[in-house]
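Enquirer: Below is one structure. I have some questions about it.
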Amino acid sequence: MRLQINKGEFLKNWLIAERNTSPKSTISSLTGVLIRAPAGEESATLEATDLKTSVKCVSSGVIIEKEGEAVLPVRLVGELFKKAPTNIFTLSIDEGRGVIHSGRNHYRFTTYPTKEFPSLPVSDDASRFCSIVAGDLLKILNEGTVACSATEEFPKYFGCVLFQLSGGEMKAVSTDGRRLSLSKCETTDNGPDGEFLLPLAGVREIQRLVASLDGQTPITIKAERTLVFFQMGGVELSVRRVDAHFPNYEAILSSEYTTTMEINRADLIAALERVDIIVRESENRNVAMCLSPGGDVLLQGSAPQAGAVEEILDASISGNALNITFNVAYLMDGIKAVNSDRASMNLNGPAEQMVILRPGGQDFLYMLMPVKTSETDRRFDEEEETAY
């Protein structure tokens, strides 16, 4: 095999394949990228897998001078590709040995046997789930994964994202047991209503791919019993489904509230960040909120060895007066995800869930459970005030 490679164009696809390898695997083929250069084709294809996610992509920036295929070690060859001194270089492979010629320089290396590279999943027999444009998919991925656990926990669904198709809409939903985020958008060319659960690591790779596309790029989603396929341009990514049951979250979402508040989102984020400077020194990292109907909202926080803080913000509050406490980091996650000038917060007393929405919108929801604490824990007493 002999290829002439334009580094700038080729690396865009190489990096996609590289991210889906398994560098720490003891199986050498999983630490490499399979490159295929068929006779008569104007482009090469790259394939990679870590057995949970797999990717196939058509690579631009390649002129095929001699057909062939090879499995290239990612750690070695990938670094040489990135640091080649010329923008145009050649890659030659012959009987398991490779060489890169870049200007007057050349670099030799050994490839892995192609027969040991696993066969990647094919989507030919998968059923159509739906079609969606890149901008809409990126939106629900960004918003719907906010509550997902970043670590592998039990139950399994804590580290997963649920995708649901119903009535021409697709939802992305996640939870870590303390909070829940949901985002939805319209889809086209829909198959039968259904759902699937994907691991967060695979969803993050979908996010990275989609973020690199124009917002109007069409994406086709297909599903089978164990895999889900995302087809976009010259890239097909497959992600292994998680065999777990996501709870019936709709049953716990309240439709009636005793206190509602609408507030400037940027002002609230800034205030919470200042509160966090103090409370992150404490074990609990909590912020107490005192809502006064027709008045304002008071934010309070303290850390025994650090200090205390009070912030007062203007807000539109209706319903019952309320004192309630939240984990400040979880609260900021939800407010930041709102992605509008103002945020709407609906509450049902000090021990029940709070729901954050975009004012006037129903396409995003963030539910957060409060922290159970006593009234004396939530408020500054006179001794603390005189101490500072």
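Every chain in the structure tokens has a letter given in the order shown (A, B, ...), and although residue numbers restart at 1 in each chain, ligands are simply numbered from 1 in the order shown.
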Compile the contact shell of Ser29 in chain A as a list of chain:residue names: residues with an atom at most 10 Å away, counting only C-alpha atoms, same-chain residues fewer than 4 positions apart removed.
Expert: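 Here the qualifying residues turn out to be A:Thr21, A:Ser22, A:Pro23, A:Ser25, A:Val33, A:Leu34, A:Ala48, A:Thr49, A:Asp50, A:Val71, A:Leu72, A:Pro73, A:Val74, A:Thr111, A:Tyr112, A:Pro113, A:Thr114, A:Lys115, A:Glu116, A:Phe117, A:Pro118.
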Enquirer: Write the residues you've just listed into a file as a PDB file, in the first residue's frame, and include C-alpha atoms for each of them.
Expert:
ATOM      1  CA  THR A  21      -9.333   2.902  19.999  1.00  0.00           C
ATOM      2  CA  SER A  22      -8.456   1.293  23.332  1.00  0.00           C
ATOM      3  CA  PRO A  23      -4.845   2.401  24.023  1.00  0.00           C
ATOM      4  CA  SER A  25      -5.904  -2.838  25.835  1.00  0.00           C
ATOM      5  CA  VAL A  33      -6.564   1.997  13.387  1.00  0.00           C
ATOM      6  CA  LEU A  34      -7.337  -0.079  10.310  1.00  0.00           C
ATOM      7  CA  ALA A  48     -11.408   1.704  14.948  1.00  0.00           C
ATOM      8  CA  THR A  49     -13.098   0.143  17.964  1.00  0.00           C
ATOM      9  CA  ASP A  50     -12.804  -0.337  21.717  1.00  0.00           C
ATOM     10  CA  VAL A  71      -3.517  -1.726  11.103  1.00  0.00           C
ATOM     11  CA  LEU A  72      -1.452   1.239  12.291  1.00  0.00           C
ATOM     12  CA  PRO A  73      -0.357   1.570  15.948  1.00  0.00           C
ATOM     13  CA  VAL A  74      -2.109   4.708  17.236  1.00  0.00           C
ATOM     14  CA  THR A 111       2.154  -2.610  11.767  1.00  0.00           C
ATOM     15  CA  TYR A 112      -0.276  -5.074  13.409  1.00  0.00           C
ATOM     16  CA  PRO A 113      -1.731  -8.074  11.532  1.00  0.00           C
ATOM     17  CA  THR A 114      -4.941  -7.121   9.731  1.00  0.00           C
ATOM     18  CA  LYS A 115      -6.424 -10.599  10.325  1.00  0.00           C
ATOM     19  CA  GLU A 116      -6.504  -9.863  14.080  1.00  0.00           C
ATOM     20  CA  PHE A 117      -8.566  -6.698  13.681  1.00  0.00           C
ATOM     21  CA  PRO A 118     -12.179  -7.392  14.733  1.00  0.00           C
TER      22      PRO A 118
END
Enquirer: Of the candidates A:Asn320, A:Asn20, A:Asn346, A:Thr325, which shows the shortest atom-to-atom distance to Glu256 in chain A, using only C-alpha atoms?
Expert: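 Among the listed residues, A:Asn346 lies closest to Glu256 in chain A.
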Enquirer: Using only C-alpha atoms, can you tell me which of A:Ser238, A:Asn6, A:Ser127, A:Thr226 comes closest to Asn190 in chain A?
Expert: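 Residue with the minimum atom-to-atom distance to Asn190 in chain A: A:Ser127.
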Enquirer: Could you give me, as a PDB file with N, CA and C atoms, in the first residue's frame, the residues within 8 Å of Ile269 in chain A, counting only C-alpha atoms and dropping anything in the same chain fewer than 5 positions from it?
Expert:
ATOM      1  N   MET A 332     -26.104  25.070  40.035  1.00  0.00           N
ATOM      2  CA  MET A 332     -25.466  25.810  38.938  1.00  0.00           C
ATOM      3  C   MET A 332     -25.518  25.028  37.635  1.00  0.00           C
ATOM      4  N   ILE A 335     -28.985  25.651  36.142  1.00  0.00           N
ATOM      5  CA  ILE A 335     -29.198  27.027  35.672  1.00  0.00           C
ATOM      6  C   ILE A 335     -28.377  27.298  34.413  1.00  0.00           C
ATOM      7  N   LYS A 336     -27.151  26.817  34.368  1.00  0.00           N
ATOM      8  CA  LYS A 336     -26.305  27.032  33.185  1.00  0.00           C
ATOM      9  C   LYS A 336     -26.880  26.339  31.957  1.00  0.00           C
TER      10      LYS A 336
END
Enquirer: Please compute the CA of Val355 in chain A-CA of Ala244 in chain A distance, one decimal, in Å.
Expert: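 One can read the CA of Val355 in chain A to CA of Ala244 in chain A distance as 25.8 Å.
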Enquirer: Kindly indicate which residue among A:Asn248, A:Thr151, A:Gln305, A:Thr110 lies nearest to Val173 in chain A, using only C-alpha atoms for the distances.
Expert: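 Among the listed residues, A:Asn248 lies closest to Val173 in chain A.
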Enquirer: Would you kindly return, as a count of residues only, each protein, DNA or RNA residue with an atom no farther than 7 Å from any atom of Thr188 in chain A, considering only C-alpha atoms and excluding same-chain residues fewer than 6 positions away?
Expert: 4
Enquirer: Quick check for you: according to DSSP on this backbone, which residues of range 30-200 of chain A are classed as alpha helix (DSSP H)? Reply as a count of residues only.
Expert: 22
